[in-house]
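As stored in run-v7.cif (mmCIF, C-alpha atoms and all ligand atoms):
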data_entry
loop_
_atom_site.label_atom_id
_atom_site.label_comp_id
_atom_site.auth_asym_id
_atom_site.auth_seq_id
_atom_site.Cartn_x
_atom_site.Cartn_y
_atom_site.Cartn_z
CA MET A 762 0.00 0.00 0.00
CA GLY A 763 2.87 2.33 0.82
CA GLU A 764 4.40 1.78 -2.60
CA LEU A 765 1.08 2.21 -4.38
CA ILE A 766 0.36 5.44 -2.52
CA LEU A 767 3.71 6.79 -3.70
CA GLN A 768 2.95 5.66 -7.25
CA HIS A 769 -0.35 7.60 -7.06
CA LYS A 770 1.28 10.55 -5.29
CA GLU A 771 0.40 13.26 -7.81
CA GLU A 772 -3.24 12.26 -8.02
CA LEU A 773 -3.61 11.93 -4.24
CA ALA A 774 -1.82 15.22 -3.57
CA MET A 775 -4.05 17.07 -6.02
CA ALA A 776 -7.16 15.51 -4.48
CA GLU A 777 -6.00 16.50 -0.98
CA THR A 778 -5.36 20.08 -2.06
CA LEU A 779 -8.67 20.42 -3.91
CA ASP A 780 -10.49 19.12 -0.84
CA THR A 781 -8.67 21.08 1.87
CA GLY A 782 -7.26 24.21 0.19
CA LYS A 783 -3.75 23.47 1.47
CA PRO A 784 -0.78 24.27 -0.82
CA LEU A 785 -0.10 21.55 -3.37
CA TRP A 786 3.61 21.42 -2.44
CA LEU A 787 2.58 20.58 1.12
CA SER A 788 0.27 17.73 0.03
CA THR A 789 2.96 16.46 -2.34
CA ASN A 790 5.94 16.67 0.01
CA VAL A 791 4.40 16.03 3.41
CA ASP A 792 0.86 14.63 3.52
CA ILE A 793 1.14 11.90 0.90
CA PRO A 794 4.71 10.65 1.59
CA ARG A 795 4.00 10.56 5.34
CA ALA A 796 0.81 8.61 4.68
CA ALA A 797 2.78 6.07 2.61
CA GLY A 798 5.43 5.97 5.35
CA SER A 799 2.90 4.67 7.89
CA TYR A 800 2.23 1.46 5.90
CA GLN A 801 5.95 0.91 5.34
CA PHE A 802 6.77 1.54 8.99
CA PHE A 803 4.14 -0.84 10.41
CA ALA A 804 4.88 -3.51 7.82
CA ASN A 805 8.48 -3.49 9.06
CA LEU A 806 7.48 -3.31 12.69
CA ILE A 807 5.23 -6.39 12.68
CA SER A 808 7.81 -8.43 10.82
CA THR A 809 10.48 -7.72 13.44
CA MET A 810 8.30 -7.62 16.54
CA GLY A 811 8.70 -10.21 19.30
CA THR A 812 6.53 -11.13 22.23
CA GLU A 813 6.97 -11.00 25.98
CA ALA A 814 7.62 -14.12 28.02
CA TYR A 815 8.06 -14.51 31.81
CA PRO A 816 9.36 -17.80 33.21
CA MET A 817 8.32 -18.58 36.83
CA GLU A 818 10.38 -20.45 39.43
CA VAL A 819 7.57 -22.94 40.03
CA GLY A 820 8.17 -24.20 36.51
CA ALA A 821 5.81 -22.29 34.31
CA LEU A 822 6.08 -19.92 31.43
CA ASN A 823 3.84 -16.95 30.78
CA TYR A 824 3.79 -15.64 27.27
CA VAL A 825 1.71 -13.02 25.54
CA VAL A 826 -0.11 -13.39 22.27
CA ARG A 827 -1.67 -10.53 20.40
CA ARG A 828 -4.96 -10.97 18.63
CA PRO A 829 -6.95 -8.60 16.46
CA ILE A 830 -9.86 -6.84 18.16
CA GLY A 831 -12.19 -7.72 15.30
CA VAL A 832 -13.84 -4.73 13.66
CA VAL A 833 -12.38 -1.30 14.41
CA GLY A 834 -13.96 2.07 13.57
CA LEU A 835 -11.73 4.94 12.44
CA ILE A 836 -13.21 8.46 12.48
CA ASN A 837 -11.06 11.14 10.88
CA PRO A 838 -10.74 14.93 10.69
CA TRP A 839 -10.32 17.17 7.62
CA ASN A 840 -7.00 18.85 8.27
CA LEU A 841 -4.52 16.10 7.30
CA PRO A 842 -6.97 13.62 5.79
CA LEU A 843 -4.91 10.80 4.27
CA LEU A 844 -1.97 11.24 6.63
CA LEU A 845 -3.99 10.87 9.84
CA LEU A 846 -6.22 8.18 8.37
CA SER A 847 -3.12 6.16 7.40
CA ALA A 848 -1.51 6.61 10.82
CA LYS A 849 -4.50 4.65 12.17
CA LEU A 850 -5.24 2.28 9.30
CA ALA A 851 -1.67 0.97 8.99
CA PRO A 852 -1.29 -0.43 12.56
CA CYS A 853 -4.94 -1.48 12.55
CA LEU A 854 -4.46 -3.64 9.43
CA ALA A 855 -1.03 -4.80 10.55
CA MET A 856 -2.73 -6.34 13.59
CA GLY A 857 -5.25 -8.14 11.40
CA ASN A 858 -8.40 -6.15 12.11
CA ALA A 859 -11.26 -5.37 9.77
CA VAL A 860 -12.05 -1.68 9.49
CA VAL A 861 -14.93 0.71 8.98
CA LEU A 862 -13.44 4.12 8.31
CA LYS A 863 -15.05 7.47 7.87
CA PRO A 864 -13.26 10.49 6.46
CA ALA A 865 -14.47 13.96 7.46
CA GLU A 866 -17.43 15.18 5.43
CA TRP A 867 -15.32 18.09 4.12
CA THR A 868 -12.59 15.85 2.71
CA PRO A 869 -13.93 12.65 1.15
CA LEU A 870 -11.60 12.42 -1.85
CA THR A 871 -8.38 10.75 -0.71
CA ALA A 872 -10.24 8.11 1.34
CA THR A 873 -12.23 7.27 -1.80
CA LEU A 874 -9.05 7.00 -3.85
CA LEU A 875 -7.49 4.91 -1.09
CA ALA A 876 -10.31 2.38 -1.45
CA GLY A 877 -9.15 1.81 -5.05
CA ILE A 878 -5.55 1.49 -3.87
CA LEU A 879 -6.60 -1.11 -1.30
CA GLN A 880 -8.11 -3.19 -4.08
CA GLU A 881 -5.02 -2.72 -6.22
CA ALA A 882 -2.89 -3.88 -3.26
CA GLY A 883 -4.95 -7.06 -3.01
CA ILE A 884 -6.67 -6.37 0.31
CA PRO A 885 -9.75 -8.62 0.17
CA ASP A 886 -13.15 -6.97 -0.23
CA GLY A 887 -14.84 -6.23 3.06
CA VAL A 888 -11.66 -5.89 5.11
CA VAL A 889 -11.58 -2.11 4.81
CA ASN A 890 -14.90 -0.33 4.37
CA VAL A 891 -14.86 3.36 3.49
CA VAL A 892 -18.08 4.99 4.63
CA HIS A 893 -18.91 8.61 3.87
CA GLY A 894 -21.22 10.70 5.99
CA PHE A 895 -21.60 13.27 8.72
CA GLY A 896 -20.95 12.91 12.44
CA PRO A 897 -23.92 13.26 14.80
CA GLY A 898 -26.96 11.18 13.88
CA SER A 899 -25.11 9.85 10.84
CA ALA A 900 -22.17 7.65 9.86
CA GLY A 901 -19.85 8.88 12.64
CA GLU A 902 -22.32 8.24 15.42
CA ALA A 903 -23.31 4.88 13.89
CA ILE A 904 -19.69 3.75 14.08
CA ALA A 905 -19.38 4.99 17.67
CA ARG A 906 -22.59 3.14 18.71
CA HIS A 907 -22.41 -0.09 16.74
CA PRO A 908 -22.25 -3.15 19.02
CA GLY A 909 -20.25 -5.10 16.42
CA ILE A 910 -17.37 -2.63 16.58
CA GLY A 911 -14.87 -3.31 19.35
CA ALA A 912 -12.71 -0.19 19.26
CA VAL A 913 -12.84 3.32 17.86
CA ALA A 914 -9.86 5.50 17.05
CA PHE A 915 -10.91 9.09 16.63
CA THR A 916 -9.08 12.30 15.77
CA GLY A 917 -10.98 15.55 16.01
CA GLU A 918 -12.34 18.09 18.43
CA THR A 919 -12.40 17.52 22.17
CA THR A 920 -16.17 18.07 22.36
CA THR A 921 -16.72 15.47 19.61
CA GLY A 922 -14.55 13.05 21.60
CA LYS A 923 -16.91 13.45 24.56
CA HIS A 924 -19.94 12.62 22.37
CA ILE A 925 -18.20 9.58 20.92
CA MET A 926 -17.28 8.38 24.39
CA GLN A 927 -20.93 8.46 25.44
CA ALA A 928 -22.10 6.73 22.27
CA ALA A 929 -19.39 4.08 22.61
CA ALA A 930 -20.32 3.24 26.20
CA GLY A 931 -23.00 0.73 25.11
CA ASN A 932 -20.50 -2.09 24.52
CA LEU A 933 -17.55 -0.46 26.36
CA LYS A 934 -15.47 0.09 23.23
CA LYS A 935 -11.78 0.55 23.52
CA LEU A 936 -11.07 4.20 22.63
CA SER A 937 -8.14 6.11 21.24
CA PHE A 938 -8.66 9.87 21.11
CA GLU A 939 -6.41 12.48 19.52
CA LEU A 940 -8.14 15.74 20.27
CA GLY A 941 -7.64 19.49 20.28
CA GLY A 942 -4.73 21.54 21.54
CA LYS A 943 -3.72 25.03 22.58
CA ASN A 944 -0.01 24.50 22.36
CA PRO A 945 2.51 26.81 24.02
CA ASN A 946 5.67 27.92 22.20
CA ILE A 947 8.14 29.14 24.84
CA ILE A 948 11.08 31.26 23.75
CA PHE A 949 13.89 32.02 26.20
CA ALA A 950 16.18 34.99 25.66
CA ASP A 951 19.26 32.80 25.20
CA SER A 952 17.91 31.06 22.08
CA ASN A 953 18.97 31.67 18.50
CA LEU A 954 16.37 34.22 17.48
CA GLU A 955 16.72 33.88 13.69
CA GLU A 956 16.10 30.13 13.92
CA VAL A 957 13.25 30.66 16.38
CA VAL A 958 11.51 33.17 14.13
CA ASP A 959 11.75 30.93 11.05
CA THR A 960 10.42 27.88 12.89
CA THR A 961 7.74 29.87 14.67
CA ILE A 962 6.44 31.05 11.29
CA ARG A 963 6.10 27.39 10.32
CA SER A 964 4.73 26.18 13.63
CA SER A 965 2.13 28.96 13.63
CA PHE A 966 0.96 29.09 10.03
CA ILE A 967 1.75 25.89 8.15
CA ASN A 968 -1.36 24.27 6.66
CA GLN A 969 -3.17 27.58 7.45
CA GLY A 970 -2.59 26.89 11.14
CA GLU A 971 -4.93 23.92 10.80
CA VAL A 972 -2.60 21.41 12.43
CA CYS A 973 -3.36 20.19 15.93
CA LEU A 974 0.36 20.51 16.77
CA CYS A 975 0.66 24.16 15.72
CA GLY A 976 1.86 26.46 18.49
CA SER A 977 -0.85 29.04 19.10
CA ARG A 978 0.31 30.64 22.36
CA VAL A 979 3.75 32.18 21.94
CA TYR A 980 5.54 33.21 25.16
CA VAL A 981 8.73 35.25 24.81
CA GLU A 982 11.14 36.13 27.60
CA LYS A 983 11.11 39.86 28.31
CA PRO A 984 14.67 40.84 27.21
CA VAL A 985 13.99 39.68 23.62
CA TYR A 986 10.24 40.23 23.45
CA GLU A 987 10.30 43.45 21.36
CA GLN A 988 13.03 42.15 19.09
CA PHE A 989 11.20 38.86 18.50
CA LEU A 990 7.92 40.62 17.85
CA GLU A 991 9.46 42.95 15.28
CA LYS A 992 11.15 40.15 13.34
CA PHE A 993 8.22 37.74 13.64
CA THR A 994 5.64 40.31 12.53
CA ALA A 995 7.79 41.40 9.58
CA LYS A 996 8.19 37.79 8.42
CA THR A 997 4.50 37.09 8.93
CA ARG A 998 3.68 39.97 6.58
CA GLU A 999 5.89 38.36 3.91
CA GLN A 1000 3.88 35.12 3.89
CA ARG A 1001 2.19 34.55 0.56
CA VAL A 1002 -1.48 33.71 0.93
CA GLY A 1003 -3.32 32.54 -2.15
CA ASP A 1004 -3.92 29.93 -4.82
CA PRO A 1005 -2.96 26.52 -3.37
CA LEU A 1006 -1.89 25.33 -6.82
CA GLU A 1007 0.68 28.13 -7.16
CA PRO A 1008 4.12 26.78 -6.09
CA LYS A 1009 5.10 30.01 -4.27
CA THR A 1010 2.01 30.02 -2.07
CA GLN A 1011 2.82 29.49 1.60
CA ILE A 1012 -0.67 29.69 3.07
CA GLY A 1013 -3.68 28.33 1.20
CA ALA A 1014 -7.40 28.51 1.92
CA LEU A 1015 -9.18 27.47 5.09
CA ILE A 1016 -11.36 24.39 4.91
CA SER A 1017 -14.77 26.08 4.62
CA ARG A 1018 -16.65 29.36 4.81
CA GLN A 1019 -18.06 28.25 8.15
CA HIS A 1020 -14.58 27.65 9.57
CA LEU A 1021 -13.21 30.91 8.12
CA GLU A 1022 -16.05 32.82 9.80
CA ARG A 1023 -15.35 31.01 13.06
CA VAL A 1024 -11.65 31.97 12.94
CA GLU A 1025 -12.52 35.58 12.01
CA GLY A 1026 -14.93 35.57 14.95
CA TYR A 1027 -12.00 34.78 17.25
CA VAL A 1028 -10.00 37.71 15.82
CA GLN A 1029 -12.93 40.05 16.49
CA LEU A 1030 -13.28 38.58 19.96
CA ALA A 1031 -9.58 39.23 20.62
CA ARG A 1032 -10.13 42.88 19.67
CA ARG A 1033 -13.04 43.14 22.09
CA GLU A 1034 -10.90 41.49 24.76
CA GLY A 1035 -8.38 44.34 24.40
CA GLY A 1036 -5.98 42.64 21.99
CA ALA A 1037 -3.97 44.49 19.36
CA ILE A 1038 -3.79 42.94 15.88
CA LEU A 1039 -0.18 43.58 14.80
CA THR A 1040 -0.66 42.11 11.36
CA GLY A 1041 -3.34 40.21 9.47
CA GLY A 1042 -6.82 39.77 10.88
CA GLY A 1043 -8.60 40.08 7.55
CA ARG A 1044 -8.97 38.48 4.15
CA PRO A 1045 -6.12 39.31 1.77
CA SER A 1046 -6.97 42.06 -0.73
CA SER A 1047 -5.71 39.88 -3.59
CA ALA A 1048 -8.36 37.21 -2.94
CA THR A 1049 -11.79 38.20 -4.13
CA ARG A 1050 -13.20 34.74 -3.47
CA GLY A 1051 -12.16 31.67 -1.56
CA PHE A 1052 -11.78 31.18 2.19
CA PHE A 1053 -8.44 32.95 2.68
CA LEU A 1054 -7.26 34.66 5.84
CA GLU A 1055 -4.07 36.63 6.37
CA PRO A 1056 -1.73 35.18 9.00
CA THR A 1057 -2.53 37.05 12.18
CA VAL A 1058 -0.41 38.09 15.17
CA ILE A 1059 -2.17 39.30 18.31
CA THR A 1060 -0.68 40.92 21.41
CA GLY A 1061 -2.07 42.68 24.47
CA VAL A 1062 -4.07 39.67 25.66
CA ASN A 1063 -3.75 37.56 28.79
CA ARG A 1064 -4.72 34.17 30.18
CA GLU A 1065 -8.25 35.32 31.01
CA CYS A 1066 -9.01 35.96 27.33
CA ARG A 1067 -10.87 33.34 25.32
CA ILE A 1068 -8.43 33.87 22.43
CA VAL A 1069 -5.70 32.51 24.74
CA ARG A 1070 -7.80 29.69 26.17
CA GLU A 1071 -9.75 28.23 23.24
CA GLU A 1072 -8.54 26.37 20.18
CA VAL A 1073 -8.84 28.60 17.08
CA PHE A 1074 -7.38 26.17 14.51
CA GLY A 1075 -6.42 28.83 11.98
CA PRO A 1076 -3.45 31.08 11.08
CA VAL A 1077 -3.75 33.07 14.30
CA VAL A 1078 -1.30 33.31 17.21
CA THR A 1079 -1.10 35.33 20.38
CA VAL A 1080 2.27 36.58 21.65
CA GLU A 1081 2.87 37.44 25.31
CA SER A 1082 5.99 38.19 27.33
CA PHE A 1083 7.17 36.44 30.49
CA ALA A 1084 9.64 37.26 33.24
CA SER A 1085 10.70 33.94 34.75
CA GLU A 1086 10.92 30.22 34.09
CA GLU A 1087 8.49 29.38 36.91
CA GLU A 1088 5.97 31.88 35.61
CA VAL A 1089 6.03 30.60 32.03
CA ILE A 1090 5.71 26.96 33.09
CA GLU A 1091 2.68 27.82 35.16
CA ARG A 1092 1.09 29.83 32.33
CA ALA A 1093 1.89 27.20 29.69
CA ASN A 1094 0.17 24.56 31.82
CA ASP A 1095 -2.85 26.73 32.64
CA THR A 1096 -5.10 25.05 30.07
CA HIS A 1097 -7.32 21.99 29.91
CA TYR A 1098 -5.38 20.90 26.81
CA GLY A 1099 -2.04 19.05 26.84
CA LEU A 1100 -1.12 18.02 23.31
CA SER A 1101 2.28 19.48 22.42
CA ALA A 1102 4.69 22.27 23.31
CA SER A 1103 7.87 23.73 21.97
CA LEU A 1104 10.62 25.28 23.96
CA TRP A 1105 13.61 27.29 22.76
CA THR A 1106 16.78 27.67 24.82
CA ASN A 1107 20.51 27.08 24.51
CA ASP A 1108 20.80 26.23 28.21
CA ALA A 1109 20.80 22.42 28.39
CA ARG A 1110 19.93 22.27 32.08
CA ARG A 1111 16.97 24.53 31.57
CA ALA A 1112 15.86 22.48 28.58
CA PHE A 1113 15.67 19.29 30.70
CA ARG A 1114 14.13 21.08 33.66
CA VAL A 1115 11.37 22.88 31.76
CA ALA A 1116 10.58 20.11 29.26
CA GLU A 1117 9.77 17.68 32.06
CA GLN A 1118 7.40 20.10 33.73
CA ILE A 1119 5.34 20.96 30.67
CA GLU A 1120 2.05 19.09 30.62
CA ALA A 1121 2.08 17.88 27.02
CA GLY A 1122 2.18 14.53 25.27
CA LEU A 1123 5.00 15.78 23.07
CA THR A 1124 7.49 18.57 23.83
CA TRP A 1125 10.02 19.79 21.28
CA VAL A 1126 13.21 21.53 22.32
CA ASN A 1127 14.76 23.80 19.67
CA THR A 1128 12.69 22.26 16.88
CA TRP A 1129 9.11 21.58 15.83
CA PHE A 1130 7.19 18.83 13.97
CA LEU A 1131 10.07 16.36 14.05
CA ARG A 1132 8.44 12.99 14.62
CA ASP A 1133 9.98 9.59 15.19
CA PRO A 1134 7.26 7.03 14.38
CA ARG A 1135 8.54 4.71 17.12
CA THR A 1136 7.66 7.14 19.90
CA PRO A 1137 4.29 7.43 21.64
CA TYR A 1138 2.00 10.07 20.24
CA GLY A 1139 -1.03 11.56 21.97
CA GLY A 1140 -2.24 14.19 24.36
CA MET A 1141 -2.55 14.70 28.10
CA LYS A 1142 -5.61 16.14 29.84
CA GLU A 1143 -8.44 16.93 27.37
CA SER A 1144 -6.17 16.54 24.34
CA GLY A 1145 -6.66 12.84 24.16
CA ILE A 1146 -6.79 9.35 25.54
CA GLY A 1147 -4.07 6.78 25.01
CA ARG A 1148 -1.05 6.84 22.77
CA GLN A 1149 -0.44 5.93 19.15
CA GLY A 1150 2.89 5.43 17.39
CA GLY A 1151 5.06 2.33 17.08
CA LEU A 1152 4.31 -0.40 19.60
CA PHE A 1153 1.88 1.92 21.38
CA GLY A 1154 -0.32 1.83 18.28
CA ILE A 1155 0.07 -1.94 18.05
CA ASP A 1156 -1.09 -2.15 21.69
CA PHE A 1157 -4.25 -0.24 20.92
CA TYR A 1158 -5.21 -2.24 17.83
CA SER A 1159 -4.71 -5.61 19.50
CA GLU A 1160 -6.02 -7.62 22.39
CA GLN A 1161 -3.22 -9.09 24.47
CA SER A 1162 -3.83 -12.47 25.92
CA THR A 1163 -1.50 -14.04 28.52
CA ILE A 1164 -1.04 -17.79 28.33
CA CYS A 1165 0.36 -19.42 31.48
CA LEU A 1166 1.84 -22.83 30.71
CA LYS A 1167 2.88 -25.14 33.58
CA PHE A 1168 5.76 -27.44 32.64
P1 LIG B 1201 -14.56 17.21 14.34
O1 LIG B 1201 -14.53 16.68 15.73
O2 LIG B 1201 -15.58 18.24 14.01
O3 LIG B 1201 -14.80 16.02 13.29
C1 LIG B 1201 -13.93 14.92 13.19
C2 LIG B 1201 -14.68 13.72 12.67
O4 LIG B 1201 -15.65 13.34 13.62
C3 LIG B 1201 -15.42 13.96 11.37
O5 LIG B 1201 -15.28 12.83 10.56
C4 LIG B 1201 -16.85 14.14 11.83
O6 LIG B 1201 -17.82 13.77 10.85
C5 LIG B 1201 -16.91 13.18 12.99
N1 LIG B 1201 -17.93 13.49 13.99
C6 LIG B 1201 -18.42 14.70 14.37
N2 LIG B 1201 -19.36 14.56 15.33
C7 LIG B 1201 -19.45 13.23 15.59
C8 LIG B 1201 -20.23 12.45 16.49
N3 LIG B 1201 -21.11 13.01 17.34
N4 LIG B 1201 -20.07 11.11 16.49
C9 LIG B 1201 -19.18 10.52 15.65
N5 LIG B 1201 -18.43 11.21 14.77
C10 LIG B 1201 -18.55 12.55 14.75
O7 LIG B 1201 -13.08 17.71 14.05
P2 LIG B 1201 -12.55 18.45 12.74
O8 LIG B 1201 -13.15 19.82 12.73
O9 LIG B 1201 -12.72 17.56 11.58
O10 LIG B 1201 -10.99 18.55 13.04
C11 LIG B 1201 -10.39 19.58 13.73
C12 LIG B 1201 -10.13 19.17 15.17
O11 LIG B 1201 -9.34 17.98 15.18
C13 LIG B 1201 -9.34 20.17 15.96
O12 LIG B 1201 -9.88 20.26 17.24
C14 LIG B 1201 -7.95 19.58 16.03
O13 LIG B 1201 -7.15 19.99 17.11
C15 LIG B 1201 -8.25 18.13 16.09
N6 LIG B 1201 -7.10 17.33 15.65
C16 LIG B 1201 -6.36 16.67 16.58
C17 LIG B 1201 -5.25 15.93 16.20
C18 LIG B 1201 -4.42 15.20 17.20
O14 LIG B 1201 -3.54 14.44 16.79
N7 LIG B 1201 -4.63 15.37 18.49
C19 LIG B 1201 -4.91 15.87 14.85
C20 LIG B 1201 -5.69 16.57 13.92
C21 LIG B 1201 -6.80 17.29 14.34
#

Produce structure tokens that represent the structure in this file.
Ligand code: NAD
Amino acid sequence: MGELILQHKEELAMAETLDTGKPLWLSTNVDIPRAAGSYQFFANLISTMGTEAYPMEVGALNYVVRRPIGVVGLINPWNLPLLLLSAKLAPCLAMGNAVVLKPAEWTPLTATLLAGILQEAGIPDGVVNVVHGFGPGSAGEAIARHPGIGAVAFTGETTTGKHIMQAAAGNLKKLSFELGGKNPNIIFADSNLEEVVDTTIRSSFINQGEVCLCGSRVYVEKPVYEQFLEKFTAKTREQRVGDPLEPKTQIGALISRQHLERVEGYVQLARREGGAILTGGGRPSSATRGFFLEPTVITGVNRECRIVREEVFGPVVTVESFASEEEVIERANDTHYGLSASLWTNDARRAFRVAEQIEAGLTWVNTWFLRDPRTPYGGMKESGIGRQGGLFGIDFYSEQSTICLKF
């Protein structure tokens, strides 16, 4: 499947861009290759994976076998459609499950194309079932409720996760949730500011800011706050927003009119909350149609403001200053989310000290978006339940059964 996805890369990338509005170079270079990578990674993992065994002094051996769960439901979001779908489907199939998967209603195309690729790869009919539909009262809820489904892996909003949890209670489904985030990006004065600014542009605005791992709360240590803000705002203004098919475009269109209006609503709210919009905040003058929004930098807000507390999921960041390490740790953790964080410092001791105190499933130090597929992936607090990635994903998609054998 991995090979076939790469063979169909152009077609899949175009479909992803037409559905989402993300730049075509991003679909081509990130979404589709990373989707293919999931099948290759899990194919390797299951062919090298062992099992655990515990001999006992009384003369017995315990060993663990993994079995498929049976039928697993996969419910997916619209922001990285094929990539996130594949991150679930690959370990799920590797463990021998049958699957009912639902793409988001906004982005049906790549899942439909994937169904053809599954056939081409020789996956028997009925093993993977692609079902289109909406969430509540429709295909999504049916998957969450169905008594024949033993587990559901869901990526999407935190509130949706709560609905799915209720619907899934009927037969106590096993659940894996990857939910929303409000990720802090902490910049200490001793970091390399040029590098920080470049990466912060990416971590704030890539994929129109519609990535759950994007940093949306930027905290900058006081001595470099003004300098950072000046450089960051200037670079933000240089970002090219426009036609996703144009190779020079850096920021494409948001997923829908409804979502654009929601994100704009947050910018207006920030203004009412006393925030200053340093750049962006509106639709670019060059775009007469389409759901485009300029990348937006907001200051003058604080932790009481909804713009700092709620997930916006668009090209919008707030920037605040901080005075001390203790203070920034406390502010970074003052959220019901706990998905990811990034932290910039050249002081190794501080890096260890702060990273271990941040309440996040994944913390980057002096980088962003670097992912090793062997490591656990998932969120703390209301950002998720359980972990995916490597053997952690294999754990979720299998039932482990201990066999105790007396000699
Ligand atoms: P969403 O929750 O609105 O929808 C996700 C999926 O759930 C869709 O397929 C939808 O049809 C379905 N759905 C909606 N209501 C349902 C219900 N009651 N029962 C069953 N299914 C239902 O999320 P979205 O708007 O598509 O995606 C954006 C959200 O996803 C953001 O909050 C973002 O942070 C989150 N996200 C998280 C991660 C992560 O790894 N933690 C990754 C990507 C996106």

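Proximity ranking of A:Gly917, A:Gly976, A:Gly857, A:Gly1151 relative to ligand LIG 1201 (chain B) places A:Gly917 first, based on only C-alpha atoms and all ligand atoms.
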
Of the residues A:Lys770, A:Lys1167, A:Arg1148, A:Arg1135, which is the one nearest to ligand LIG 1201 (chain B), using all atoms listed in the file?
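Going through A:Lys770, A:Lys1167, A:Arg1148, A:Arg1135 one by one, the smallest distance to ligand LIG 1201 (chain B) is for A:Arg1148.
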
Between A:Glu1143, A:Ala876, A:Leu806, A:Arg998, which residue has the minimum interatomic distance to Gly922 in chain A, considering only C-alpha atoms?
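Among the listed residues, the smallest separation from Gly922 in chain A belongs to A:Glu1143.
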
Please identify every polymer residue within 8 Å of ligand LIG 1201 (chain B), using all atoms listed in the file, and present the set as a PyMOL selection string.
chain A and resi 836-841+845+863-867+894-905+915-922+924-925+928+938-942+971-974+1072+1074+1100+1138-1140+1144-1145

Which residue of A:Glu772, A:Val889, A:Tyr1158, A:Gly1043 approaches Ala914 in chain A most closely, using only C-alpha atoms
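Once distances to Ala914 in chain A are computed over only C-alpha atoms, the minimum belongs to A:Tyr1158.
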
Hey, can you pull every residue with an atom no more than 10 Å from (-4.4, 9.0, 6.9), using all atoms listed in the file, and send it as a ChimeraX atom specification?
/A:792-793,795-797,799,837-838,841-851,864,871-872,875

Could you dump the residues just selected with C-alpha atoms as a JSON list (two decimals), keeping the file's coordinate frame?
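Result went into part-v5.json, see below:
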[["chain", "number", "residue", "atom", "x", "y", "z"],
["A", 792, "ASP", "CA", 0.86, 14.63, 3.52],
["A", 793, "ILE", "CA", 1.14, 11.90, 0.90],
["A", 795, "ARG", "CA", 4.00, 10.56, 5.34],
["A", 796, "ALA", "CA", 0.81, 8.61, 4.68],
["A", 797, "ALA", "CA", 2.78, 6.07, 2.61],
["A", 799, "SER", "CA", 2.90, 4.67, 7.89],
["A", 837, "ASN", "CA", -11.06, 11.14, 10.88],
["A", 838, "PRO", "CA", -10.74, 14.93, 10.69],
["A", 841, "LEU", "CA", -4.52, 16.10, 7.30],
["A", 842, "PRO", "CA", -6.97, 13.62, 5.79],
["A", 843, "LEU", "CA", -4.91, 10.80, 4.27],
["A", 844, "LEU", "CA", -1.97, 11.24, 6.63],
["A", 845, "LEU", "CA", -3.99, 10.87, 9.84],
["A", 846, "LEU", "CA", -6.22, 8.18, 8.37],
["A", 847, "SER", "CA", -3.12, 6.16, 7.40],
["A", 848, "ALA", "CA", -1.51, 6.61, 10.82],
["A", 849, "LYS", "CA", -4.50, 4.65, 12.17],
["A", 850, "LEU", "CA", -5.24, 2.28, 9.30],
["A", 851, "ALA", "CA", -1.67, 0.97, 8.99],
["A", 864, "PRO", "CA", -13.26, 10.49, 6.46],
["A", 871, "THR", "CA", -8.38, 10.75, -0.71],
["A", 872, "ALA", "CA", -10.24, 8.11, 1.34],
["A", 875, "LEU", "CA", -7.49, 4.91, -1.09]]

Looking at A:Asp780, A:Thr1128, A:Tyr824, A:Gln1019, which one is nearest to Asn946 in chain A, with distances taken over all atoms listed in the file?
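Between A:Asp780, A:Thr1128, A:Tyr824, A:Gln1019, the residue approaching Asn946 in chain A most closely is A:Thr1128.
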
Out of A:Gly909, A:Gly831, A:Pro1005, A:Gly1035, which residue has the shortest atom-to-atom distance to Ile1068 in chain A when counting all atoms listed in the file?
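Checking each of A:Gly909, A:Gly831, A:Pro1005, A:Gly1035 against Ile1068 in chain A, counting all atoms listed in the file, the winner is A:Gly1035.
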
Per-residue nearest contacts of range 861-975 of chain A to range 989-994 of chain A (8 Å; all atoms listed in the file) as CSV:
residue,atom,partner,partner_atom,distance
A:Leu954,CA,A:Phe989,CA,7.0
A:Val958,CA,A:Phe993,CA,5.7
A:Thr961,CA,A:Phe993,CA,8.0
A:Ile962,CA,A:Phe993,CA,7.3
